[in-house]
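Text of the file upload.cif, holding mmCIF, C-alpha atoms:
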data_start
#
loop_
_atom_site.label_atom_id
_atom_site.label_comp_id
_atom_site.auth_asym_id
_atom_site.auth_seq_id
_atom_site.Cartn_x
_atom_site.Cartn_y
_atom_site.Cartn_z
CA MET A 209 -31.88 9.87 -41.89
CA GLN A 210 -29.70 9.70 -38.80
CA PHE A 211 -27.31 12.60 -38.34
CA PRO A 212 -24.22 12.40 -36.17
CA SER A 213 -24.60 16.16 -35.53
CA LYS A 214 -27.67 17.81 -33.98
CA LEU A 215 -26.80 21.11 -35.68
CA ILE A 216 -26.77 19.49 -39.09
CA GLU A 217 -30.05 17.78 -38.35
CA GLU A 218 -31.64 21.11 -37.40
CA ALA A 219 -30.26 22.93 -40.44
CA VAL A 220 -31.39 20.15 -42.79
CA GLY A 221 -34.82 20.26 -41.16
CA GLU A 222 -35.12 24.01 -41.73
CA VAL A 223 -33.83 23.94 -45.30
CA SER A 224 -36.08 21.04 -46.31
CA LYS A 225 -39.14 23.11 -45.32
CA LEU A 226 -38.50 25.29 -48.37
CA PRO A 227 -40.54 24.56 -51.50
CA GLY A 228 -38.99 22.11 -53.95
CA ILE A 229 -36.23 20.98 -51.57
CA GLY A 230 -36.23 17.48 -50.11
CA LYS A 231 -34.04 15.96 -47.40
CA LYS A 232 -31.25 14.98 -49.79
CA SER A 233 -30.98 18.40 -51.44
CA ALA A 234 -31.15 20.05 -48.02
CA LEU A 235 -28.23 17.94 -46.81
CA ARG A 236 -26.27 18.79 -49.95
CA ILE A 237 -26.90 22.51 -49.32
CA VAL A 238 -25.88 22.30 -45.66
CA LEU A 239 -22.67 20.36 -46.43
CA HIS A 240 -21.91 22.91 -49.16
CA LEU A 241 -22.19 25.74 -46.60
CA LEU A 242 -19.83 23.87 -44.26
CA LYS A 243 -17.14 23.86 -46.93
CA ARG A 244 -17.51 27.59 -47.65
CA ASP A 245 -16.35 30.60 -45.69
CA ALA A 246 -18.46 31.37 -42.60
CA ARG A 247 -19.20 34.82 -44.08
CA ASP A 248 -21.09 33.16 -46.94
CA ALA A 249 -23.50 31.48 -44.53
CA GLN A 250 -23.84 34.76 -42.63
CA SER A 251 -24.63 36.84 -45.71
CA LEU A 252 -27.17 34.26 -46.91
CA ALA A 253 -28.82 34.33 -43.49
CA ASN A 254 -28.83 38.15 -43.42
CA ALA A 255 -30.37 38.41 -46.88
CA LEU A 256 -33.17 35.99 -45.94
CA VAL A 257 -34.05 37.86 -42.75
CA ALA A 258 -33.79 41.26 -44.48
CA VAL A 259 -36.07 40.28 -47.35
CA ARG A 260 -38.68 38.98 -44.90
CA THR A 261 -38.60 41.82 -42.39
CA GLN A 262 -37.79 44.87 -44.52
CA THR A 263 -39.96 44.38 -47.60
CA GLN A 264 -43.54 45.60 -47.57
CA TYR A 265 -46.46 45.74 -49.95
CA CYS A 266 -46.70 48.85 -52.14
CA LYS A 267 -49.61 51.00 -50.90
CA LYS A 268 -50.72 51.69 -54.45
CA CYS A 269 -50.32 48.47 -56.45
CA HIS A 270 -49.71 45.91 -53.62
CA ASN A 271 -46.58 44.57 -55.30
CA ILE A 272 -43.58 43.76 -53.06
CA ALA A 273 -41.63 46.95 -52.38
CA ASP A 274 -38.63 48.17 -50.39
CA ALA A 275 -40.50 51.35 -49.40
CA GLU A 276 -44.12 52.58 -49.09
CA LEU A 277 -44.41 52.73 -52.86
CA CYS A 278 -42.73 50.30 -55.26
CA SER A 279 -40.16 51.34 -57.84
CA ILE A 280 -42.66 50.90 -60.69
CA CYS A 281 -45.34 53.12 -59.12
CA THR A 282 -42.81 55.87 -58.36
CA SER A 283 -41.13 55.74 -61.80
CA THR A 284 -41.79 58.80 -63.95
CA ARG A 285 -41.05 56.85 -67.11
CA ARG A 286 -44.05 54.51 -66.80
CA ASP A 287 -47.36 55.16 -68.53
CA GLN A 288 -49.73 56.10 -65.69
CA THR A 289 -52.84 55.60 -67.84
CA VAL A 290 -52.62 51.81 -68.18
CA ILE A 291 -52.96 49.33 -65.29
CA CYS A 292 -52.20 45.63 -65.70
CA VAL A 293 -54.06 43.45 -63.16
CA VAL A 294 -52.20 40.29 -62.07
CA GLN A 295 -52.62 37.56 -59.48
CA ASP A 296 -49.32 37.94 -57.60
CA SER A 297 -45.84 39.48 -57.59
CA ARG A 298 -44.36 36.64 -59.59
CA ASP A 299 -46.57 37.64 -62.53
CA VAL A 300 -45.24 41.22 -62.32
CA LEU A 301 -41.70 39.85 -62.58
CA ALA A 302 -42.65 37.63 -65.52
CA ILE A 303 -44.22 40.53 -67.45
CA GLU A 304 -41.38 42.93 -66.57
CA ASN A 305 -38.90 40.47 -68.00
CA THR A 306 -40.58 40.63 -71.40
CA SER A 307 -39.76 44.40 -71.59
CA GLN A 308 -42.97 44.75 -73.63
CA TYR A 309 -45.10 46.60 -71.09
CA ASN A 310 -44.58 50.12 -69.80
CA GLY A 311 -47.70 50.78 -67.70
CA LEU A 312 -48.44 50.23 -64.02
CA TYR A 313 -49.58 47.08 -62.22
CA HIS A 314 -52.17 46.06 -59.68
CA VAL A 315 -51.51 42.88 -57.69
CA LEU A 316 -54.73 41.20 -56.53
CA GLY A 317 -52.95 38.94 -54.04
CA GLY A 318 -54.85 35.89 -55.22
CA ILE A 319 -57.70 34.77 -57.41
CA ILE A 320 -61.42 34.19 -56.79
CA SER A 321 -61.80 30.53 -55.81
CA PRO A 322 -64.97 29.40 -54.03
CA LEU A 323 -63.44 25.95 -53.52
CA GLU A 324 -60.51 27.39 -51.56
CA GLY A 325 -62.71 29.95 -49.84
CA VAL A 326 -61.22 32.98 -51.60
CA SER A 327 -63.95 35.55 -52.25
CA PRO A 328 -63.64 38.96 -54.01
CA SER A 329 -63.44 40.73 -50.65
CA ASP A 330 -60.20 38.85 -49.84
CA LEU A 331 -58.51 40.39 -52.90
CA GLN A 332 -57.31 43.90 -53.69
CA ILE A 333 -60.35 44.65 -55.88
CA ASP A 334 -61.88 47.54 -53.92
CA SER A 335 -58.49 49.24 -53.81
CA LEU A 336 -58.23 48.87 -57.60
CA LEU A 337 -61.57 50.61 -58.14
CA GLU A 338 -60.68 53.30 -55.59
CA ARG A 339 -57.31 53.82 -57.23
CA ILE A 340 -58.87 54.29 -60.68
CA LYS A 341 -61.49 56.72 -59.36
CA THR A 342 -58.97 58.87 -57.51
CA ALA A 343 -56.08 58.74 -60.03
CA GLU A 344 -54.46 62.14 -60.77
CA GLU A 345 -53.92 61.20 -64.40
CA PRO A 346 -57.10 59.42 -65.64
CA VAL A 347 -56.68 55.67 -66.27
CA LYS A 348 -57.57 54.84 -69.88
CA GLU A 349 -57.10 51.06 -69.96
CA VAL A 350 -57.08 48.08 -67.63
CA VAL A 351 -55.33 44.94 -68.94
CA LEU A 352 -56.41 41.71 -67.21
CA ALA A 353 -53.41 39.36 -67.15
CA LEU A 354 -54.86 36.37 -65.28
CA SER A 355 -54.22 32.68 -65.83
CA PRO A 356 -56.50 30.96 -68.37
CA THR A 357 -58.04 28.69 -65.74
CA MET A 358 -61.58 28.51 -64.39
CA GLU A 359 -60.60 30.67 -61.39
CA GLY A 360 -58.79 33.16 -63.64
CA ASP A 361 -61.77 33.45 -65.95
CA THR A 362 -64.16 33.87 -63.00
CA THR A 363 -61.98 36.66 -61.58
CA ALA A 364 -61.71 38.34 -64.99
CA PHE A 365 -65.50 38.18 -65.40
CA TYR A 366 -66.06 39.68 -61.95
CA LEU A 367 -63.56 42.47 -62.61
CA GLN A 368 -65.15 43.28 -65.99
CA LYS A 369 -68.54 43.75 -64.33
CA LYS A 370 -67.03 46.02 -61.68
CA LEU A 371 -64.92 48.04 -64.13
CA LYS A 372 -67.52 48.55 -66.86
CA PRO A 373 -69.36 51.43 -65.10
CA LEU A 374 -66.08 53.37 -64.94
CA GLY A 375 -66.11 53.72 -68.74
CA LEU A 376 -62.55 52.71 -69.57
CA LYS A 377 -61.08 50.25 -72.03
CA ILE A 378 -60.80 46.70 -70.62
CA SER A 379 -58.57 44.17 -72.36
CA THR A 380 -57.06 40.78 -71.63
CA ILE A 381 -53.74 39.28 -72.69
CA ALA A 382 -53.95 37.25 -75.91
CA ARG A 383 -54.54 33.53 -75.67
CA GLY A 384 -53.50 31.21 -78.43
CA ILE A 385 -50.78 28.84 -79.48
CA PRO A 386 -47.45 29.59 -77.74
CA ILE A 387 -44.60 30.78 -79.97
CA GLY A 388 -42.71 27.64 -81.00
CA GLY A 389 -45.73 25.51 -80.11
CA ASP A 390 -46.83 22.67 -82.32
CA LEU A 391 -50.36 22.76 -83.78
CA GLU A 392 -50.65 18.99 -83.54
CA TYR A 393 -49.99 18.95 -79.80
CA THR A 394 -52.08 22.00 -78.88
CA ASP A 395 -55.22 21.16 -76.88
CA GLU A 396 -58.48 21.62 -78.76
CA ILE A 397 -59.84 24.45 -76.59
CA THR A 398 -56.74 26.60 -77.16
CA LEU A 399 -56.73 25.75 -80.88
CA GLY A 400 -60.48 26.46 -81.15
CA ARG A 401 -60.11 29.83 -79.44
CA SER A 402 -57.11 30.74 -81.55
CA ILE A 403 -59.19 30.21 -84.70
CA LEU A 404 -62.12 32.25 -83.33
CA ASN A 405 -59.80 35.07 -82.26
CA ARG A 406 -57.67 34.99 -85.43
CA ILE A 407 -55.59 38.07 -86.23
CA ASN A 408 -55.75 39.78 -89.65
CA TYR A 409 -52.56 40.50 -91.57
CA ASP A 410 -52.73 44.17 -92.47
CA MET B 12 -34.30 39.02 -64.35
CA GLN B 13 -35.24 42.53 -63.22
CA PHE B 14 -36.54 42.83 -59.69
CA PRO B 15 -38.67 45.72 -58.46
CA SER B 16 -37.13 45.22 -55.00
CA LYS B 17 -33.40 45.38 -54.23
CA LEU B 18 -33.91 43.19 -51.16
CA ILE B 19 -35.51 40.44 -53.23
CA GLU B 20 -32.74 40.71 -55.79
CA GLU B 21 -30.11 40.28 -53.06
CA ALA B 22 -31.90 37.36 -51.42
CA VAL B 23 -32.40 35.61 -54.77
CA GLY B 24 -28.72 36.17 -55.56
CA GLU B 25 -27.65 34.59 -52.26
CA VAL B 26 -30.03 31.63 -52.50
CA SER B 27 -29.12 30.86 -56.11
CA LYS B 28 -25.46 30.43 -55.06
CA LEU B 29 -26.49 27.19 -53.33
CA PRO B 30 -25.88 23.93 -55.22
CA GLY B 31 -28.77 22.73 -57.39
CA ILE B 32 -30.74 25.97 -57.11
CA GLY B 33 -31.20 28.24 -60.12
CA LYS B 34 -32.65 31.74 -60.32
CA LYS B 35 -36.24 30.53 -60.70
CA SER B 36 -36.14 28.15 -57.73
CA ALA B 37 -34.41 30.86 -55.68
CA LEU B 38 -37.20 33.32 -56.45
CA ARG B 39 -39.79 30.70 -55.53
CA ILE B 40 -38.04 30.13 -52.19
CA VAL B 41 -37.80 33.86 -51.43
CA LEU B 42 -41.46 34.52 -52.29
CA HIS B 43 -42.38 31.51 -50.13
CA LEU B 44 -40.54 33.08 -47.17
CA LEU B 45 -42.38 36.37 -47.71
CA LYS B 46 -45.70 34.61 -47.27
CA ARG B 47 -44.63 32.86 -44.05
CA ASP B 48 -44.20 34.18 -40.56
CA ALA B 49 -41.07 36.30 -40.02
CA ARG B 50 -39.99 33.82 -37.33
CA ASP B 51 -39.67 31.09 -39.99
CA ALA B 52 -37.13 33.13 -41.93
CA GLN B 53 -35.31 33.93 -38.69
CA SER B 54 -35.08 30.31 -37.54
CA LEU B 55 -33.88 29.20 -40.99
CA ALA B 56 -31.22 31.92 -40.89
CA ASN B 57 -30.17 30.97 -37.35
CA ALA B 58 -29.86 27.28 -38.21
CA LEU B 59 -27.66 28.06 -41.23
CA VAL B 60 -25.30 30.28 -39.25
CA ALA B 61 -25.21 27.84 -36.32
CA VAL B 62 -24.36 24.84 -38.47
CA ARG B 63 -21.53 26.77 -40.15
CA THR B 64 -20.03 28.39 -37.06
CA GLN B 65 -20.65 25.81 -34.32
CA THR B 66 -19.83 22.52 -36.02
CA GLN B 67 -16.25 21.31 -36.11
CA TYR B 68 -14.33 18.32 -37.37
CA CYS B 69 -13.99 15.39 -34.94
CA LYS B 70 -10.38 15.25 -33.73
CA LYS B 71 -10.32 11.49 -34.09
CA CYS B 72 -12.22 10.57 -37.26
CA HIS B 73 -12.56 14.05 -38.94
CA ASN B 74 -16.30 13.63 -39.38
CA ILE B 75 -18.51 16.69 -38.74
CA ALA B 76 -19.18 16.99 -35.03
CA ASP B 77 -20.89 19.28 -32.54
CA ALA B 78 -18.02 18.87 -30.06
CA GLU B 79 -14.31 17.92 -30.11
CA LEU B 80 -15.22 14.28 -30.70
CA CYS B 81 -18.19 13.13 -32.77
CA SER B 82 -21.07 11.10 -31.36
CA ILE B 83 -19.85 7.94 -33.11
CA CYS B 84 -16.30 8.12 -31.71
CA THR B 85 -17.61 8.75 -28.18
CA SER B 86 -20.24 6.02 -28.30
CA THR B 87 -19.51 3.01 -26.07
CA ARG B 88 -21.75 0.79 -28.16
CA ARG B 89 -19.57 0.93 -31.30
CA ASP B 90 -16.96 -1.68 -32.13
CA GLN B 91 -13.63 0.11 -31.57
CA THR B 92 -11.64 -2.55 -33.45
CA VAL B 93 -13.00 -1.80 -36.94
CA ILE B 94 -12.43 1.45 -38.87
CA CYS B 95 -14.28 2.23 -42.10
CA VAL B 96 -12.37 4.70 -44.31
CA VAL B 97 -14.56 7.03 -46.42
CA GLN B 98 -14.08 10.06 -48.63
CA ASP B 99 -16.35 12.54 -46.86
CA SER B 100 -19.07 13.02 -44.23
CA ARG B 101 -21.84 12.27 -46.69
CA ASP B 102 -20.52 8.72 -47.01
CA VAL B 103 -20.69 8.31 -43.22
CA LEU B 104 -24.36 9.31 -43.32
CA ALA B 105 -25.04 6.92 -46.20
CA ILE B 106 -23.46 3.98 -44.39
CA GLU B 107 -25.07 4.87 -41.04
CA ASN B 108 -28.47 4.82 -42.73
CA THR B 109 -28.00 1.19 -43.73
CA SER B 110 -27.77 0.22 -39.99
CA GLN B 111 -25.42 -2.58 -41.12
CA TYR B 112 -22.17 -1.24 -39.69
CA ASN B 113 -21.26 -0.85 -36.05
CA GLY B 114 -17.60 0.15 -36.14
CA LEU B 115 -15.87 3.54 -36.27
CA TYR B 116 -15.12 5.76 -39.25
CA HIS B 117 -12.23 7.74 -40.66
CA VAL B 118 -13.06 10.59 -43.04
CA LEU B 119 -10.22 11.30 -45.49
CA GLY B 120 -11.64 14.67 -46.54
CA GLY B 121 -11.14 13.90 -50.23
CA ILE B 122 -9.58 11.44 -52.59
CA ILE B 123 -6.19 11.22 -54.30
CA SER B 124 -6.52 13.01 -57.65
CA PRO B 125 -3.37 14.16 -59.45
CA LEU B 126 -5.54 15.95 -62.05
CA GLU B 127 -7.15 18.12 -59.39
CA GLY B 128 -3.89 18.49 -57.48
CA VAL B 129 -4.98 16.42 -54.47
CA SER B 130 -2.04 14.44 -53.13
CA PRO B 131 -1.95 11.98 -50.17
CA SER B 132 -0.56 14.72 -47.90
CA ASP B 133 -3.76 16.77 -48.40
CA LEU B 134 -5.83 13.94 -46.93
CA GLN B 135 -6.21 12.59 -43.38
CA ILE B 136 -3.99 9.58 -44.10
CA ASP B 137 -1.17 10.25 -41.62
CA SER B 138 -3.73 10.77 -38.87
CA LEU B 139 -5.32 7.40 -39.78
CA LEU B 140 -1.97 5.60 -39.39
CA GLU B 141 -1.22 7.49 -36.18
CA ARG B 142 -4.67 6.68 -34.83
CA ILE B 143 -4.24 2.95 -35.51
CA LYS B 144 -0.77 2.86 -33.94
CA THR B 145 -1.85 4.66 -30.76
CA ALA B 146 -5.32 3.09 -30.32
CA GLU B 147 -6.10 1.91 -26.76
CA GLU B 148 -8.02 -1.09 -28.06
CA PRO B 149 -6.03 -2.59 -31.00
CA VAL B 150 -7.64 -2.07 -34.43
CA LYS B 151 -8.25 -5.42 -36.12
CA GLU B 152 -9.72 -4.38 -39.46
CA VAL B 153 -9.80 -1.41 -41.83
CA VAL B 154 -12.68 -1.36 -44.35
CA LEU B 155 -12.03 0.80 -47.39
CA ALA B 156 -15.38 2.24 -48.56
CA LEU B 157 -14.26 4.40 -51.49
CA SER B 158 -16.02 5.05 -54.79
CA PRO B 159 -15.27 2.55 -57.58
CA THR B 160 -13.62 5.22 -59.75
CA MET B 161 -10.02 5.61 -60.89
CA GLU B 162 -9.36 8.09 -58.05
CA GLY B 163 -11.04 5.80 -55.53
CA ASP B 164 -9.03 2.81 -56.65
CA THR B 165 -5.79 4.85 -56.57
CA THR B 166 -6.54 5.97 -53.02
CA ALA B 167 -7.42 2.42 -51.96
CA PHE B 168 -4.16 1.12 -53.46
CA TYR B 169 -2.13 3.82 -51.67
CA LEU B 170 -3.86 3.09 -48.36
CA GLN B 171 -3.29 -0.67 -48.72
CA LYS B 172 0.44 -0.10 -49.17
CA LYS B 173 0.57 2.15 -46.10
CA LEU B 174 -1.59 -0.13 -43.94
CA LYS B 175 0.04 -3.46 -44.81
CA PRO B 176 3.05 -3.06 -42.46
CA LEU B 177 0.66 -2.58 -39.53
CA GLY B 178 -0.43 -6.22 -39.85
CA LEU B 179 -4.21 -5.83 -39.71
CA LYS B 180 -7.01 -7.08 -41.92
CA ILE B 181 -7.78 -4.78 -44.86
CA SER B 182 -11.06 -5.17 -46.75
CA THR B 183 -13.13 -3.22 -49.24
CA ILE B 184 -16.89 -2.97 -49.70
CA ALA B 185 -18.28 -5.49 -52.20
CA ARG B 186 -18.69 -4.43 -55.81
CA GLY B 187 -21.15 -6.09 -58.12
CA ILE B 188 -24.60 -5.74 -59.53
CA PRO B 189 -26.84 -3.48 -57.39
CA ILE B 190 -29.84 -5.14 -55.74
CA GLY B 191 -32.73 -4.78 -58.20
CA GLY B 192 -30.28 -4.13 -61.02
CA ASP B 193 -30.77 -5.68 -64.41
CA LEU B 194 -28.04 -7.99 -65.80
CA GLU B 195 -28.70 -6.79 -69.32
CA TYR B 196 -28.07 -3.13 -68.48
CA THR B 197 -25.06 -3.64 -66.21
CA ASP B 198 -21.81 -2.34 -67.68
CA GLU B 199 -19.34 -5.05 -68.71
CA ILE B 200 -16.64 -4.15 -66.17
CA THR B 201 -19.05 -4.47 -63.24
CA LEU B 202 -20.51 -7.68 -64.67
CA GLY B 203 -17.02 -9.09 -65.34
CA ARG B 204 -15.87 -8.32 -61.80
CA SER B 205 -19.05 -9.76 -60.31
CA ILE B 206 -18.32 -13.08 -62.04
CA LEU B 207 -14.69 -13.12 -60.90
CA ASN B 208 -15.68 -12.27 -57.32
CA ARG B 209 -18.64 -14.65 -57.22
CA ILE B 210 -19.99 -15.71 -53.84
CA ASN B 211 -20.52 -19.37 -52.92
CA TYR B 212 -23.86 -20.52 -51.54
CA ASP B 213 -23.06 -22.39 -48.36
#
Could you render the structure as structure tokens?
Amino acid sequence: MQFPSKLIEEAVGEVSKLPGIGKKSALRIVLHLLKRDARDAQSLANALVAVRTQTQYCKKCHNIADAELCSICTSTRRDQTVICVVQDSRDVLAIENTSQYNGLYHVLGGIISPLEGVSPSDLQIDSLLERIKTAEEPVKEVVLALSPTMEGDTTAFYLQKKLKPLGLKISTIARGIPIGGDLEYTDEITLGRSILNRINYD
Amino acid sequence: MQFPSKLIEEAVGEVSKLPGIGKKSALRIVLHLLKRDARDAQSLANALVAVRTQTQYCKKCHNIADAELCSICTSTRRDQTVICVVQDSRDVLAIENTSQYNGLYHVLGGIISPLEGVSPSDLQIDSLLERIKTAEEPVKEVVLALSPTMEGDTTAFYLQKKLKPLGLKISTIARGIPIGGDLEYTDEITLGRSILNRINYD
């Protein structure tokens, strides 16, 4: 595209670097900002810089935090004896939004993937073991909430081996047919597993 | 959504105000910025503020410009005797990208729409007439490139009435079946008009 304004060209270039935004959407966003009050563009810019420069990773669970410890780790209302292990911060948000979990988290910062060169030492696994060993209130259960992919299963298997000697309960989130899912269109591996791991009515 | 970080919540709130971006895309964008260098977030922020505060409207054609006059109006290689009238800056970009037009533009800044309370006095119509009357090099033709909607047609009709006394050629962009379009799926008004306005092979 040819732009009559260098400033527009630069802004469109910057915005279209963001994930999921192409040149046309970027132009639409920039022209939208031009129509709005200058304070709107300023507060958007401030929020973007603030979130990048002022957030940090929680020292305990490695989730994104505004301070040294995140709001979940410092909450007194959370169950300190259960730790849910996830791949990244987005998973924490997804689980928090269900309102079905009241324990703590541990964000690995990735997943074991030999193809992409991610080995266990690149992830927050040692800090998980250290955290469990030195916890004030003993940890009773670790829930592995990893994606049901080959990398997720590899990571879960590795974590199980490492956690077993610590003598605590290890569980994984249930896999099966999604609520509202159609049996007919469910892949055979999911359907097979959901029969093997069937739940009794009682 | 519940965010463990206030800064993320604020950034997601700001980003999701942009057109075409919902909460989920906004979160994806913010988490993307967190993974990148802090300079990336800063240069994005700077570009957004710069485009809002440093661009202005060209005094002659009312297109977005980096200076008092836009780069098209100041160009010596453009045909000063033809003016293409469009609704907004996006239309200028669209036409420029075709590389088929070498005249000047005039951006109305909207379209006559009694329903939305936009009357001719809200648009840059007087400045168009003034510009034609006081042009150094006489304007020979005005091309109306407005959308083929009721509002577009109303605006075109109004402009024709105003421009007629000036004694110049008035044209409109061709309407018909889009290149690659399928006769069968073309609406009957477009198809009807394309038969009435048929073009001779010669």
Practice item. Provide as a PyMOL selection string the residues of chain B at most 6 Å from chain A, counting all atoms listed in the file. Key: chain B and resi 15-16+18-19+22+25+45+52-53+55-56+58-60+62-63+76-77+82
**Study point:** Closest of B:Cys72, B:Pro159, B:Arg89, B:Lys144 to B:Val118 - atom-to-atom distances counting all atoms listed in the file
**Key:**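 Among the listed residues, the smallest separation from B:Val118 belongs to B:Cys72.
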Check your understanding: Hey, what's within 9 Å of B:Gly121 if we count all atoms listed in the file and toss same-chain stuff fewer than 4 positions away? As a list in words, please?
Key ->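 Answer for this query is Val97, Gln98, Asp99, Val129, Asp133, Leu134 and Gln135 of chain B.
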Point to revise | stretch 370-373 of chain A surroundings by all atoms listed in the file, 9 Å radius, close-in-sequence under 3 positions cut, as a list in words | key: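 Returned residues: Ile333, Leu337, Val350, Phe365, Tyr366, Leu367, Leu376, Lys377 and Ile378 of chain A.
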Review point. Quick one, how far is atom CA of A:Gly360 from atom CA of A:Gly311?
Key: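 Answer for the atom CA of A:Gly360 to atom CA of A:Gly311 separation: 21.2 Å.
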Practice item. May I ask which of the residues A:Leu404, A:Val347, A:Cys292, A:Cys266 is the closest one to A:Leu374, counting only C-alpha atoms? Key: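 For A:Leu374, the nearest of the given residues is A:Val347.
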**Study point:** Distance of atom CA of A:Thr289 from atom CA of A:Pro346, expressed in Å to one decimal place
**Key:**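 So the two atoms, atom CA of A:Pro346 and atom CA of A:Thr289, lie 6.1 Å apart.
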Point to revise | One-decimal distance in Å that lies between atom CA of A:Asp361 and atom CA of A:Asp395 | key: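 That distance, rounded to one decimal, is 17.7 Å.
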Check your understanding: Which one of A:Lys369, A:Val351, A:Gly388, A:His314 sits closest to A:Glu338 if you count only C-alpha atoms?
Key ->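 Selected residue with least distance to A:Glu338: A:His314.
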Check your understanding: Contacts of B:Ala167 at 9 Å or less, counting all atoms listed in the file, minus same-chain residues fewer than 6 places along, as a list in words?
Key ->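 Non-adjacent residues within range: Leu155, Ala156, Leu157 and Thr183 of chain B.
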Check your understanding: Got a sec: who's within 8 Å of B:Glu162, counting only C-alpha atoms, leaving out chain neighbours fewer than 6 positions off, as number ranges by chain?
Key -> B: 122-124
Check your understanding: Which residue, A:Gly384, A:Pro322, A:Gly375, A:Pro328, has the smallest gap to A:Lys348 when you use all atoms listed in the file?
Key -> A:Gly375
Point to revise | Nearest to B:Ile94, chosen from B:Leu194, B:Leu80, B:Ile200, B:Leu139, with only C-alpha atoms counted in the distances | key: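 Of all the options, B:Leu139 lies closest to B:Ile94.
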**Study point:** Proximity to A:Ser329 - best of A:His270, A:Thr363, A:Asp287, A:Gly400, all atoms listed in the file
**Key:**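 Under the stated criterion, the closest residue is A:Thr363.
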